[in-house]
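Shown next: input28.cif, containing mmCIF, C-alpha atoms and all ligand atoms.
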data_entry
#
loop_
_atom_site.group_PDB
_atom_site.id
_atom_site.type_symbol
_atom_site.label_atom_id
_atom_site.label_comp_id
_atom_site.auth_asym_id
_atom_site.auth_seq_id
_atom_site.Cartn_x
_atom_site.Cartn_y
_atom_site.Cartn_z
ATOM 1 C CA MET D 1 19.764 -16.802 -8.456
ATOM 2 C CA GLU D 2 17.554 -19.758 -7.560
ATOM 3 C CA LYS D 3 14.592 -19.839 -9.914
ATOM 4 C CA GLY D 4 12.099 -21.599 -7.657
ATOM 5 C CA ILE D 5 8.715 -20.220 -6.735
ATOM 6 C CA SER D 6 7.189 -20.214 -3.248
ATOM 7 C CA LEU D 7 3.750 -19.228 -2.015
ATOM 8 C CA ALA D 8 2.031 -19.277 1.369
ATOM 9 C CA ILE D 9 -1.475 -18.136 2.270
ATOM 10 C CA HIS D 10 -3.312 -17.683 5.561
ATOM 11 C CA ALA D 11 -6.923 -17.089 6.479
ATOM 12 C CA GLY D 12 -6.488 -16.024 10.054
ATOM 13 C CA ALA D 13 -5.181 -17.265 13.368
ATOM 14 C CA GLY D 14 -7.613 -18.045 16.135
ATOM 15 C CA ALA D 15 -9.800 -20.786 17.503
ATOM 16 C CA VAL D 16 -12.757 -22.005 15.486
ATOM 17 C CA PRO D 17 -15.242 -24.212 17.410
ATOM 18 C CA ALA D 18 -14.434 -27.905 16.995
ATOM 19 C CA ASP D 19 -17.757 -28.684 15.281
ATOM 20 C CA ARG D 20 -16.921 -26.265 12.486
ATOM 21 C CA LEU D 21 -13.811 -28.281 11.758
ATOM 22 C CA LYS D 22 -15.790 -31.379 10.839
ATOM 23 C CA GLY D 23 -17.778 -32.596 7.869
ATOM 24 C CA SER D 24 -19.067 -30.207 5.260
ATOM 25 C CA SER D 25 -17.917 -27.109 7.078
ATOM 26 C CA ARG D 26 -14.303 -28.356 7.212
ATOM 27 C CA ARG D 27 -14.529 -29.355 3.545
ATOM 28 C CA ALA D 28 -15.644 -25.792 2.707
ATOM 29 C CA TYR D 29 -12.595 -24.345 4.514
ATOM 30 C CA GLU D 30 -10.295 -26.780 2.747
ATOM 31 C CA GLU D 31 -11.845 -26.005 -0.616
ATOM 32 C CA ALA D 32 -11.416 -22.243 -0.076
ATOM 33 C CA LEU D 33 -7.776 -22.586 0.991
ATOM 34 C CA SER D 34 -7.055 -24.899 -1.958
ATOM 35 C CA ALA D 35 -8.705 -22.535 -4.430
ATOM 36 C CA SER D 36 -6.701 -19.551 -3.209
ATOM 37 C CA LEU D 37 -3.421 -21.493 -3.210
ATOM 38 C CA LYS D 38 -4.000 -22.868 -6.705
ATOM 39 C CA ILE D 39 -4.817 -19.428 -8.105
ATOM 40 C CA GLY D 40 -1.568 -17.975 -6.756
ATOM 41 C CA GLN D 41 0.468 -21.013 -7.787
ATOM 42 C CA ALA D 42 -0.882 -20.930 -11.356
ATOM 43 C CA ILE D 43 0.106 -17.271 -11.704
ATOM 44 C CA LEU D 44 3.646 -17.990 -10.462
ATOM 45 C CA LEU D 45 4.062 -21.090 -12.673
ATOM 46 C CA ASP D 46 2.911 -19.031 -15.631
ATOM 47 C CA GLY D 47 5.742 -16.551 -15.038
ATOM 48 C CA GLY D 48 3.515 -13.993 -13.277
ATOM 49 C CA THR D 49 4.829 -11.683 -10.591
ATOM 50 C CA SER D 50 4.649 -12.271 -6.870
ATOM 51 C CA VAL D 51 2.506 -9.108 -6.577
ATOM 52 C CA GLU D 52 -0.085 -10.529 -8.964
ATOM 53 C CA ALA D 53 -0.023 -13.947 -7.248
ATOM 54 C CA VAL D 54 -0.548 -12.632 -3.702
ATOM 55 C CA THR D 55 -3.218 -10.160 -4.803
ATOM 56 C CA GLN D 56 -5.290 -12.746 -6.662
ATOM 57 C CA ALA D 57 -4.888 -15.362 -3.906
ATOM 58 C CA VAL D 58 -6.329 -12.781 -1.489
ATOM 59 C CA VAL D 59 -9.166 -11.756 -3.852
ATOM 60 C CA GLU D 60 -10.348 -15.378 -3.814
ATOM 61 C CA LEU D 61 -10.546 -15.350 0.010
ATOM 62 C CA GLU D 62 -12.138 -11.874 0.168
ATOM 63 C CA ASN D 63 -14.942 -13.233 -2.006
ATOM 64 C CA ARG D 64 -15.726 -16.059 0.430
ATOM 65 C CA GLU D 65 -17.917 -15.192 3.370
ATOM 66 C CA ASP D 66 -16.179 -17.629 5.721
ATOM 67 C CA PHE D 67 -13.243 -15.264 6.225
ATOM 68 C CA ASN D 68 -12.763 -11.866 7.820
ATOM 69 C CA ALA D 69 -12.083 -9.861 4.651
ATOM 70 C CA GLY D 70 -14.355 -8.445 1.959
ATOM 71 C CA ARG D 71 -17.682 -10.310 2.209
ATOM 72 C CA GLY D 72 -18.070 -11.741 5.726
ATOM 73 C CA ALA D 73 -15.806 -9.174 7.401
ATOM 74 C CA ALA D 74 -15.972 -8.761 11.181
ATOM 75 C CA LEU D 75 -18.314 -5.911 12.153
ATOM 76 C CA CYS D 76 -17.631 -2.673 14.008
ATOM 77 C CA ALA D 77 -19.688 -1.857 17.112
ATOM 78 C CA ASP D 78 -22.182 0.078 14.951
ATOM 79 C CA GLY D 79 -22.747 -2.927 12.661
ATOM 80 C CA THR D 80 -20.689 -1.595 9.763
ATOM 81 C CA ALA D 81 -18.036 -3.596 7.919
ATOM 82 C CA GLU D 82 -14.895 -1.450 7.564
ATOM 83 C CA LEU D 83 -12.214 -2.958 5.362
ATOM 84 C CA ASP D 84 -8.414 -2.588 5.492
ATOM 85 C CA ALA D 85 -5.879 -4.007 3.022
ATOM 86 C CA CYS D 86 -2.255 -3.708 1.957
ATOM 87 C CA VAL D 87 -0.040 -4.982 -0.887
ATOM 88 C CA VAL D 88 3.763 -4.668 -0.758
ATOM 89 C CA ASN D 89 6.219 -5.148 -3.636
ATOM 90 C CA GLY D 90 9.642 -6.176 -2.326
ATOM 91 C CA THR D 91 11.402 -5.502 -5.636
ATOM 92 C CA ASN D 92 10.939 -1.741 -5.795
ATOM 93 C CA ARG D 93 9.719 -1.275 -2.214
ATOM 94 C CA THR D 94 6.402 0.194 -3.286
ATOM 95 C CA ALA D 95 3.176 -0.446 -1.408
ATOM 96 C CA GLY D 96 -0.515 0.371 -1.614
ATOM 97 C CA ALA D 97 -2.867 0.429 1.363
ATOM 98 C CA VAL D 98 -6.452 1.275 2.266
ATOM 99 C CA ALA D 99 -8.311 1.482 5.561
ATOM 100 C CA GLY D 100 -11.926 1.899 6.550
ATOM 101 C CA LEU D 101 -13.428 1.209 3.115
ATOM 102 C CA VAL D 102 -17.157 0.541 3.214
ATOM 103 C CA GLU D 103 -18.156 0.074 -0.412
ATOM 104 C CA THR D 104 -15.255 -1.415 -2.388
ATOM 105 C CA ARG D 105 -15.920 -5.065 -3.174
ATOM 106 C CA ASN D 106 -12.270 -6.141 -3.136
ATOM 107 C CA PRO D 107 -10.190 -3.827 -0.927
ATOM 108 C CA ILE D 108 -6.997 -5.660 -1.920
ATOM 109 C CA LEU D 109 -7.508 -4.504 -5.529
ATOM 110 C CA ALA D 110 -7.769 -0.892 -4.331
ATOM 111 C CA ALA D 111 -4.495 -1.371 -2.423
ATOM 112 C CA GLN D 112 -2.852 -2.865 -5.509
ATOM 113 C CA ALA D 113 -4.078 0.019 -7.673
ATOM 114 C CA LEU D 114 -2.540 2.513 -5.240
ATOM 115 C CA MET D 115 0.939 0.950 -5.506
ATOM 116 C CA GLY D 116 3.406 3.340 -7.035
ATOM 117 C CA THR D 117 1.125 6.377 -6.718
ATOM 118 C CA PRO D 118 2.572 9.305 -4.739
ATOM 119 C CA HIS D 119 0.101 8.991 -1.836
ATOM 120 C CA TRP D 120 -0.391 5.284 -1.595
ATOM 121 C CA PHE D 121 -2.339 4.946 1.684
ATOM 122 C CA LEU D 122 -5.942 6.215 1.638
ATOM 123 C CA HIS D 123 -8.635 5.793 4.259
ATOM 124 C CA GLY D 124 -12.400 6.124 4.415
ATOM 125 C CA PRO D 125 -14.394 7.822 1.656
ATOM 126 C CA ALA D 126 -11.210 8.861 -0.170
ATOM 127 C CA GLY D 127 -10.253 5.193 -0.502
ATOM 128 C CA ASP D 128 -13.685 4.179 -1.798
ATOM 129 C CA GLN D 129 -13.706 7.133 -4.173
ATOM 130 C CA PHE D 130 -10.258 6.184 -5.508
ATOM 131 C CA ALA D 131 -11.475 2.617 -6.075
ATOM 132 C CA ARG D 132 -14.532 3.867 -7.991
ATOM 133 C CA ALA D 133 -12.386 6.199 -10.088
ATOM 134 C CA THR D 134 -10.162 3.198 -10.912
ATOM 135 C CA SER D 135 -13.285 1.337 -12.089
ATOM 136 C CA LEU D 136 -13.114 -1.247 -9.319
ATOM 137 C CA GLU D 137 -16.403 -2.912 -8.476
ATOM 138 C CA SER D 138 -18.449 -1.339 -5.668
ATOM 139 C CA ALA D 139 -20.789 -3.172 -3.311
ATOM 140 C CA ASP D 140 -23.113 -1.901 -0.621
ATOM 141 C CA GLN D 141 -23.002 -2.981 3.010
ATOM 142 C CA THR D 142 -25.643 -5.673 2.466
ATOM 143 C CA TYR D 143 -23.023 -7.520 0.409
ATOM 144 C CA PHE D 144 -20.349 -7.421 3.141
ATOM 145 C CA VAL D 145 -22.501 -7.940 6.251
ATOM 146 C CA THR D 146 -23.453 -11.593 6.773
ATOM 147 C CA GLN D 147 -25.896 -13.152 9.255
ATOM 148 C CA ASP D 148 -23.048 -14.998 10.966
ATOM 149 C CA ARG D 149 -21.318 -11.712 11.631
ATOM 150 C CA GLN D 150 -24.514 -10.020 12.853
ATOM 151 C CA ARG D 151 -25.067 -12.894 15.264
ATOM 152 C CA GLN D 152 -21.476 -12.595 16.437
ATOM 153 C CA LEU D 153 -21.777 -8.845 17.009
ATOM 154 C CA ALA D 154 -25.082 -9.282 18.894
ATOM 155 C CA SER D 155 -23.254 -11.479 21.413
ATOM 156 C CA TYR D 156 -21.104 -8.429 22.327
ATOM 157 C CA SER D 157 -24.205 -6.381 23.172
ATOM 158 C CA GLY D 158 -23.557 -4.086 26.129
ATOM 159 C CA SER D 159 -19.785 -4.702 25.964
ATOM 160 C CA THR D 160 -17.164 -2.205 24.869
ATOM 161 C CA ALA D 161 -14.557 -4.952 24.393
ATOM 162 C CA SER D 162 -13.467 -5.885 20.908
ATOM 163 C CA GLY D 163 -12.166 -9.338 20.066
ATOM 164 C CA MET D 164 -10.270 -11.398 17.577
ATOM 165 C CA ASP D 165 -13.066 -12.467 15.287
ATOM 166 C CA HIS D 166 -12.438 -16.109 16.128
ATOM 167 C CA GLY D 167 -10.275 -15.682 19.168
ATOM 168 C CA PRO D 168 -10.137 -17.843 22.276
ATOM 169 C CA GLY D 169 -12.528 -17.584 25.188
ATOM 170 C CA LEU D 170 -15.490 -16.543 23.052
ATOM 171 C CA THR D 171 -18.971 -17.924 23.617
ATOM 172 C CA ALA D 172 -20.376 -20.127 20.883
ATOM 173 C CA GLU D 173 -22.435 -17.199 19.537
ATOM 174 C CA ALA D 174 -19.377 -14.951 19.459
ATOM 175 C CA GLU D 175 -17.365 -17.412 17.417
ATOM 176 C CA ALA D 176 -17.174 -16.713 13.725
ATOM 177 C CA PRO D 177 -16.007 -18.807 10.843
ATOM 178 C CA GLY D 178 -12.524 -17.637 9.947
ATOM 179 C CA GLY D 179 -10.070 -14.782 10.033
ATOM 180 C CA THR D 180 -8.075 -12.141 8.254
ATOM 181 C CA VAL D 181 -6.530 -13.301 4.981
ATOM 182 C CA GLY D 182 -3.087 -12.889 3.460
ATOM 183 C CA ALA D 183 -0.467 -14.245 1.080
ATOM 184 C CA VAL D 184 3.300 -14.041 0.549
ATOM 185 C CA ALA D 185 5.181 -15.184 -2.531
ATOM 186 C CA ARG D 186 8.530 -15.426 -4.266
ATOM 187 C CA ASP D 187 8.317 -15.430 -8.069
ATOM 188 C CA ALA D 188 10.735 -17.047 -10.525
ATOM 189 C CA ASN D 189 12.733 -13.796 -10.755
ATOM 190 C CA GLY D 190 13.221 -13.661 -6.999
ATOM 191 C CA GLY D 191 10.577 -10.950 -6.522
ATOM 192 C CA LEU D 192 8.926 -11.048 -3.100
ATOM 193 C CA ALA D 193 5.481 -9.656 -2.246
ATOM 194 C CA ALA D 194 2.943 -9.672 0.569
ATOM 195 C CA ALA D 195 -0.805 -8.942 0.660
ATOM 196 C CA THR D 196 -3.158 -8.809 3.661
ATOM 197 C CA SER D 197 -6.873 -7.968 3.931
ATOM 198 C CA THR D 198 -9.178 -7.738 6.966
ATOM 199 C CA GLY D 199 -12.368 -6.417 8.508
ATOM 200 C CA GLY D 200 -10.419 -5.864 11.744
ATOM 201 C CA MET D 201 -11.694 -6.979 15.129
ATOM 202 C CA VAL D 202 -15.290 -7.684 16.063
ATOM 203 C CA ASN D 203 -17.051 -4.890 17.987
ATOM 204 C CA GLN D 204 -14.133 -2.541 17.296
ATOM 205 C CA PRO D 205 -15.004 1.154 17.474
ATOM 206 C CA PRO D 206 -15.770 2.558 14.024
ATOM 207 C CA GLY D 207 -12.618 4.157 12.660
ATOM 208 C CA ARG D 208 -10.244 1.739 14.421
ATOM 209 C CA ILE D 209 -7.331 0.657 12.201
ATOM 210 C CA GLY D 210 -5.198 -2.378 13.059
ATOM 211 C CA ASP D 211 -1.846 -3.698 11.861
ATOM 212 C CA THR D 212 -3.005 -5.154 8.532
ATOM 213 C CA PRO D 213 -2.625 -2.076 6.292
ATOM 214 C CA LEU D 214 0.368 -0.680 8.198
ATOM 215 C CA LEU D 215 3.691 -1.210 6.494
ATOM 216 C CA GLY D 216 6.134 -2.879 8.874
ATOM 217 C CA ALA D 217 3.393 -3.999 11.279
ATOM 218 C CA GLY D 218 1.046 -6.464 9.514
ATOM 219 C CA SER D 219 2.619 -6.465 6.050
ATOM 220 C CA TRP D 220 6.160 -6.084 4.646
ATOM 221 C CA ALA D 221 8.342 -7.160 1.718
ATOM 222 C CA ASP D 222 11.936 -6.598 0.616
ATOM 223 C CA ASP D 223 13.516 -8.860 -2.038
ATOM 224 C CA ASN D 224 16.802 -8.908 -0.148
ATOM 225 C CA PHE D 225 15.292 -10.482 2.961
ATOM 226 C CA CYS D 226 11.672 -11.593 3.172
ATOM 227 C CA ALA D 227 7.952 -10.909 2.737
ATOM 228 C CA ILE D 228 5.485 -11.160 5.652
ATOM 229 C CA SER D 229 1.726 -11.121 6.219
ATOM 230 C CA ALA D 230 0.456 -11.241 9.811
ATOM 231 C CA THR D 231 -2.833 -11.973 11.557
ATOM 232 C CA GLY D 232 -3.826 -11.492 15.171
ATOM 233 C CA THR D 233 -4.504 -8.836 17.791
ATOM 234 C CA GLY D 234 -3.491 -5.821 15.748
ATOM 235 C CA GLU D 235 -2.624 -3.468 18.593
ATOM 236 C CA ALA D 236 0.084 -5.855 19.867
ATOM 237 C CA PHE D 237 1.482 -6.456 16.365
ATOM 238 C CA MET D 238 1.700 -2.680 15.844
ATOM 239 C CA ARG D 239 3.434 -2.157 19.188
ATOM 240 C CA ALA D 240 5.929 -4.888 18.291
ATOM 241 C CA GLY D 241 6.631 -3.365 14.838
ATOM 242 C CA PHE D 242 6.067 -6.983 13.931
ATOM 243 C CA ALA D 243 6.694 -7.462 10.207
ATOM 244 C CA HIS D 244 9.701 -5.166 10.105
ATOM 245 C CA ARG D 245 11.034 -6.851 13.231
ATOM 246 C CA VAL D 246 11.038 -10.208 11.415
ATOM 247 C CA ALA D 247 12.947 -8.647 8.492
ATOM 248 C CA ASP D 248 15.450 -6.996 10.859
ATOM 249 C CA LEU D 249 16.154 -10.267 12.646
ATOM 250 C CA ILE D 250 16.914 -11.869 9.270
ATOM 251 C CA GLU D 251 18.994 -8.958 7.983
ATOM 252 C CA LEU D 252 20.870 -7.840 11.072
ATOM 253 C CA ALA D 253 20.951 -10.852 13.378
ATOM 254 C CA ASP D 254 21.277 -13.638 10.800
ATOM 255 C CA TYR D 255 18.104 -15.462 11.895
ATOM 256 C CA ASP D 256 16.486 -17.875 9.446
ATOM 257 C CA CYS D 257 12.889 -16.990 8.629
ATOM 258 C CA GLU D 258 11.370 -19.607 10.950
ATOM 259 C CA SER D 259 13.286 -18.470 14.044
ATOM 260 C CA ALA D 260 12.878 -14.767 13.174
ATOM 261 C CA ALA D 261 9.107 -15.152 12.875
ATOM 262 C CA GLN D 262 8.937 -17.216 16.065
ATOM 263 C CA ARG D 263 10.970 -14.689 18.072
ATOM 264 C CA ALA D 264 8.895 -11.754 16.809
ATOM 265 C CA LEU D 265 5.714 -13.674 17.675
ATOM 266 C CA ASP D 266 7.077 -14.274 21.178
ATOM 267 C CA GLU D 267 7.526 -10.511 21.474
ATOM 268 C CA VAL D 268 3.886 -10.047 20.423
ATOM 269 C CA ALA D 269 2.828 -12.596 23.061
ATOM 270 C CA ALA D 270 4.783 -10.636 25.690
ATOM 271 C CA LEU D 271 2.581 -7.669 24.746
ATOM 272 C CA ASP D 272 -0.527 -9.834 25.312
ATOM 273 C CA GLY D 273 -0.995 -10.390 21.585
ATOM 274 C CA MET D 274 -2.052 -13.585 19.881
ATOM 275 C CA GLY D 275 -1.880 -14.631 16.260
ATOM 276 C CA GLY D 276 0.463 -15.827 13.557
ATOM 277 C CA CYS D 277 2.117 -14.983 10.274
ATOM 278 C CA ILE D 278 3.401 -16.341 7.001
ATOM 279 C CA VAL D 279 6.929 -15.532 5.810
ATOM 280 C CA VAL D 280 8.864 -16.238 2.617
ATOM 281 C CA ASP D 281 12.568 -15.402 2.507
ATOM 282 C CA HIS D 282 14.753 -14.429 -0.433
ATOM 283 C CA ARG D 283 15.732 -18.085 -1.040
ATOM 284 C CA GLY D 284 12.098 -19.166 -1.062
ATOM 285 C CA GLN D 285 12.087 -20.748 2.426
ATOM 286 C CA LEU D 286 8.699 -20.552 4.133
ATOM 287 C CA ALA D 287 7.627 -20.189 7.771
ATOM 288 C CA LEU D 288 4.007 -20.281 9.033
ATOM 289 C CA PRO D 289 4.168 -20.017 12.862
ATOM 290 C CA PHE D 290 1.273 -19.134 15.174
ATOM 291 C CA ASN D 291 0.663 -18.956 18.912
ATOM 292 C CA SER D 292 -3.117 -19.327 18.613
ATOM 293 C CA LYS D 293 -4.937 -22.652 18.680
ATOM 294 C CA GLN D 294 -5.196 -22.789 14.895
ATOM 295 C CA MET D 295 -4.256 -20.933 11.750
ATOM 296 C CA PHE D 296 -5.904 -21.525 8.397
ATOM 297 C CA ARG D 297 -2.990 -21.858 5.993
ATOM 298 C CA GLY D 298 -1.585 -23.316 2.795
ATOM 299 C CA TRP D 299 1.769 -23.445 1.069
ATOM 300 C CA VAL D 300 3.589 -24.654 -2.031
ATOM 301 C CA THR D 301 7.153 -24.386 -3.355
ATOM 302 C CA SER D 302 8.992 -25.631 -6.428
ATOM 303 C CA SER D 303 10.342 -28.513 -4.355
ATOM 304 C CA GLU D 304 7.136 -29.372 -2.457
ATOM 305 C CA PRO D 305 3.570 -29.993 -3.677
ATOM 306 C CA PRO D 306 0.710 -27.845 -2.325
ATOM 307 C CA TYR D 307 -0.533 -28.462 1.226
ATOM 308 C CA ILE D 308 -3.197 -26.873 3.383
ATOM 309 C CA ALA D 309 -3.678 -27.044 7.171
ATOM 310 C CA ILE D 310 -5.817 -25.684 9.991
ATOM 311 C CA LEU D 311 -4.666 -27.373 13.221
ATOM 312 C CA PRO D 312 -1.056 -27.403 14.497
ATOM 313 C CA GLY D 313 1.106 -29.990 12.740
ATOM 314 C CA GLU D 314 -1.435 -30.697 9.999
ATOM 315 C CA LYS D 315 -0.279 -31.127 6.393
ATOM 316 C CA ILE D 316 -3.076 -32.021 4.002
ATOM 317 C CA PRO D 317 -2.064 -32.631 0.363
ATOM 318 C CA ILE D 318 -4.431 -31.072 -2.188
HETATM 319 N N1 LIG I 401 -4.864 -8.133 12.644
HETATM 320 C C1 LIG I 401 -6.237 -7.789 12.394
HETATM 321 C C2 LIG I 401 -6.519 -6.450 13.048
HETATM 322 O O1 LIG I 401 -6.078 -6.245 14.164
HETATM 323 C C3 LIG I 401 -7.220 -8.789 12.900
HETATM 324 C C4 LIG I 401 -6.896 -10.259 12.612
HETATM 325 O O2 LIG I 401 -5.871 -10.575 12.039
HETATM 326 O O3 LIG I 401 -7.738 -11.098 12.961
HETATM 327 O O4 LIG I 401 -7.218 -5.650 12.485
#
So that I can check it, write out the structure of this file as structure tokens.
Ligand code: ASP
Amino acid sequence: MEKGISLAIHAGAGAVPADRLKGSSRRAYEEALSASLKIGQAILLDGGTSVEAVTQAVVELENREDFNAGRGAALCADGTAELDACVVNGTNRTAGAVAGLVETRNPILAAQALMGTPHWFLHGPAGDQFARATSLESADQTYFVTQDRQRQLASYSGSTASGMDHGPGLTAEAEAPGGTVGAVARDANGGLAAATSTGGMVNQPPGRIGDTPLLGAGSWADDNFCAISATGTGEAFMRAGFAHRVADLIELADYDCESAAQRALDEVAALDGMGGCIVVDHRGQLALPFNSKQMFRGWVTSSEPPYIAILPGEKIPI
């Protein structure tokens, strides 16, 4: 068994306006990605589990209002932030998931707390109530809903369309800072895990649930093959059975993780979906493909120092 650790994070695929990728605003993105990556890396180097590393890397991004998870989540058509999250443990194939939370500060912690319980996927008030009963911190909607997101939602006024929170073709007002967040990791014992957290799509109907909390669609992990966290137009990722599709291509068709992820993404594109994913395989190989203009991302392995990137082909040492 190779002992190396690997970690990748993402903070959404999409298209942020060019002026947000300059100066202090770019530095803020880079700082957030670096902070999340370093938190996960420190846990793995300290002998922590992949589940702990991906969960804490995601908590860091949920707490930052630039991304579509926790504080700063994309808003439903009625102005509410509804939060979905999932954590998957590839070692024992347990998972925890929540959808439609409105008052749990860190939805990913509620998902983690549900892992291994008999009914591990809760939605709406039951999810928030579970989080409270587990002594997780609550927050009211004024914490989650930011001015940026209210401005973005206002630009959809009169429209029933929902959009990727920073997808292409949006007007300047409809653009928002960053996307859904996620992490995948391999720990020193070969344990794989994935975590993903989102506010969904902007102007989505209240009650809509996307791919993020759905096992095999937006999130998946199995120590024998790979762990995956996806971001993009959820309906297409669900129709493609995306995350499980990547694992199947590795298991049954002998694809490496890069080509498996790319082929599954092509299938999403054929269903009019756009986005990206991060994958770690059982040997610790990483893939971070996307078919959007950008994807906020970062990665580190035992054989490579930590890097972050936003645009295609970027590789910024931190
Ligand atoms: N996949 C998320 C959803 O459909 C959105 C995103 O990743 O931006 O809810």
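With distances restricted to all atoms listed in the file, D:Thr180 is the closest residue to ligand LIG 401 (chain I) from D:Ser292, D:Ser197, D:Asn92, D:Thr180.
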Which centre and edge lengths in Å to one decimal define the box along x, y and z that fits every listed atom of ligand LIG 401 (chain I) plus 4 Å per side, as AutoDock Vina command-line options?
--center_x -6.3 --center_y -8.4 --center_z 13.1 --size_x 10.9 --size_y 13.4 --size_z 10.1
If you take all atoms listed in the file and a cut-off of 10 Å, which residues of region 11-69 of chain D touch region 199-222 of chain D, and what are their nearest atom pairs and distances in Å to one decimal, in chain and number order, as CSV?
residue,atom,partner,partner_atom,distance
D:Glu62,CA,D:Gly199,CA,10.0
D:Phe67,CA,D:Gly199,CA,9.2
D:Asn68,CA,D:Gly199,CA,5.5
D:Ala69,CA,D:Gly199,CA,5.2
#### Entry: Residues selected by the PyMOL selection byres (((chain D and resi 145) around 9) and not hetatm), written as a PyMOL selection string
chain D and resi 71-75+79-81+141-144+146-150
### Message
Could you list, as an MDAnalysis selection string, every residue within 12 Å of Gln262 (chain D), counting only C-alpha atoms and ignoring same-chain residues fewer than 4 positions away?
### Response
chainID D and resid 242:243 245:246 249:250 255:258 266:269 275:279 287:291
#### Entry: Straight-line distance linking CA of Glu65 (chain D) with CA of Ala11 (chain D), stated in Å to one decimal
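The value is 11.6 Å.
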#### Entry: Given all atoms listed in the file as the counted atoms, nearest of D:Pro305, D:Gly116, D:Gly313, D:Gly182 to ligand LIG 401 (chain I)
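Looking at the shortest contact to ligand LIG 401 (chain I), the residue is D:Gly182.
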### Message
To test your reading of the syntax: which residues would the PyMOL selection byres (((chain D and resi 43-49) around 8) and not hetatm) return for the file shown? Reply as an NGL selection string.
### Response
:D and (5 or 39-42 or 50-53 or 187-188 or 191)
### Query
Hey, what's within 10 Å of Ile310 (chain D) if we count all atoms listed in the file and toss same-chain stuff fewer than 5 positions away? As a PyMOL selection string, please?
chain D and resi 10-16+21+26+29-30+33+293-298+315-316
### One-decimal distance in Å that lies between CA of Thr196 (chain D) and CA of Ala28 (chain D)
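Computed distance, CA of Ala28 (chain D) to CA of Thr196 (chain D), equals 21.1 Å.
The space between CA of Gln285 (chain D) and CA of Val54 (chain D) spans 16.2 Å.
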### Query
Looking at D:Gly100, D:Gly284, D:Gly163, D:Pro317, which one is nearest to Ala193 (chain D), with distances taken over only C-alpha atoms?
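Ranked by minimum distance to Ala193 (chain D), first place goes to D:Gly284.
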### Task
Any chance you could resolve the PyMOL selection byres (((chain D and resi 224) around 10) and not hetatm) against this file and give the residues as a ChimeraX atom specification?
/D:90-91,190-192,221-223,225-227,247,250-251,281-283
### Task
For each of D:Ser303, D:Thr198, D:Ser157, D:Ser135, take the minimum atom-to-atom distance to Val59 (chain D), counting all atoms listed in the file, then give the residue where this is smallest.
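That would be D:Thr198, the residue with the smallest distance to Val59 (chain D).
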### Query
Looking at only C-alpha atoms and all ligand atoms, which of D:Pro118, D:Gly232, D:Gly124, D:Gly241 is the one that sits closest to ligand LIG 401 (chain I)?
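So, comparing all the options, the nearest one is D:Gly232.
When all atoms listed in the file are used to measure the gap to ligand LIG 401 (chain I), the shortest distance among D:Met115, D:Ala133, D:Ile318, D:Cys86 belongs to D:Cys86.
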### Query
So which residues touch Pro125 (chain D) within 12 Å, counting all atoms listed in the file, skipping near sequence neighbours fewer than 5 positions away, as a list in words?
Glu82, Leu83, Val98, Ala99, Gly100, Leu101, Val102, Glu103, Thr104, Phe130, Ala131, Arg132 and Gly207 of chain D
Write the residues you've just listed into a file as an mmCIF file, keeping the file's coordinate frame, and include C-alpha atoms for each of them.
data_model
loop_
_atom_site.group_PDB
_atom_site.id
_atom_site.type_symbol
_atom_site.label_atom_id
_atom_site.label_comp_id
_atom_site.auth_asym_id
_atom_site.auth_seq_id
_atom_site.Cartn_x
_atom_site.Cartn_y
_atom_site.Cartn_z
ATOM 1 C CA GLU D 82 -14.895 -1.450 7.564
ATOM 2 C CA LEU D 83 -12.214 -2.958 5.362
ATOM 3 C CA VAL D 98 -6.452 1.275 2.266
ATOM 4 C CA ALA D 99 -8.311 1.482 5.561
ATOM 5 C CA GLY D 100 -11.926 1.899 6.550
ATOM 6 C CA LEU D 101 -13.428 1.209 3.115
ATOM 7 C CA VAL D 102 -17.157 0.541 3.214
ATOM 8 C CA GLU D 103 -18.156 0.074 -0.412
ATOM 9 C CA THR D 104 -15.255 -1.415 -2.388
ATOM 10 C CA PHE D 130 -10.258 6.184 -5.508
ATOM 11 C CA ALA D 131 -11.475 2.617 -6.075
ATOM 12 C CA ARG D 132 -14.532 3.867 -7.991
ATOM 13 C CA GLY D 207 -12.618 4.157 12.660
#
### Message
Just want the 9 Å neighbourhood of Tyr156 (chain D), counted on only C-alpha atoms, with same-chain residues fewer than 2 positions away dropped. Output as a list in words.
### Response
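So, after excluding close chain neighbours, the residues are Ala77, Gln152, Leu153, Ala154, Gly158, Ser159, Thr160, Ala161, Ser162, Ala174, Val202 and Asn203 of chain D.
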### Message
I want to know what sits within 12 Å of Leu136 (chain D), based on only C-alpha atoms, with residues of the same chain fewer than 3 positions away left out; could you give that as a PyMOL selection string?
### Response
chain D and resi 103-114+127-133+139
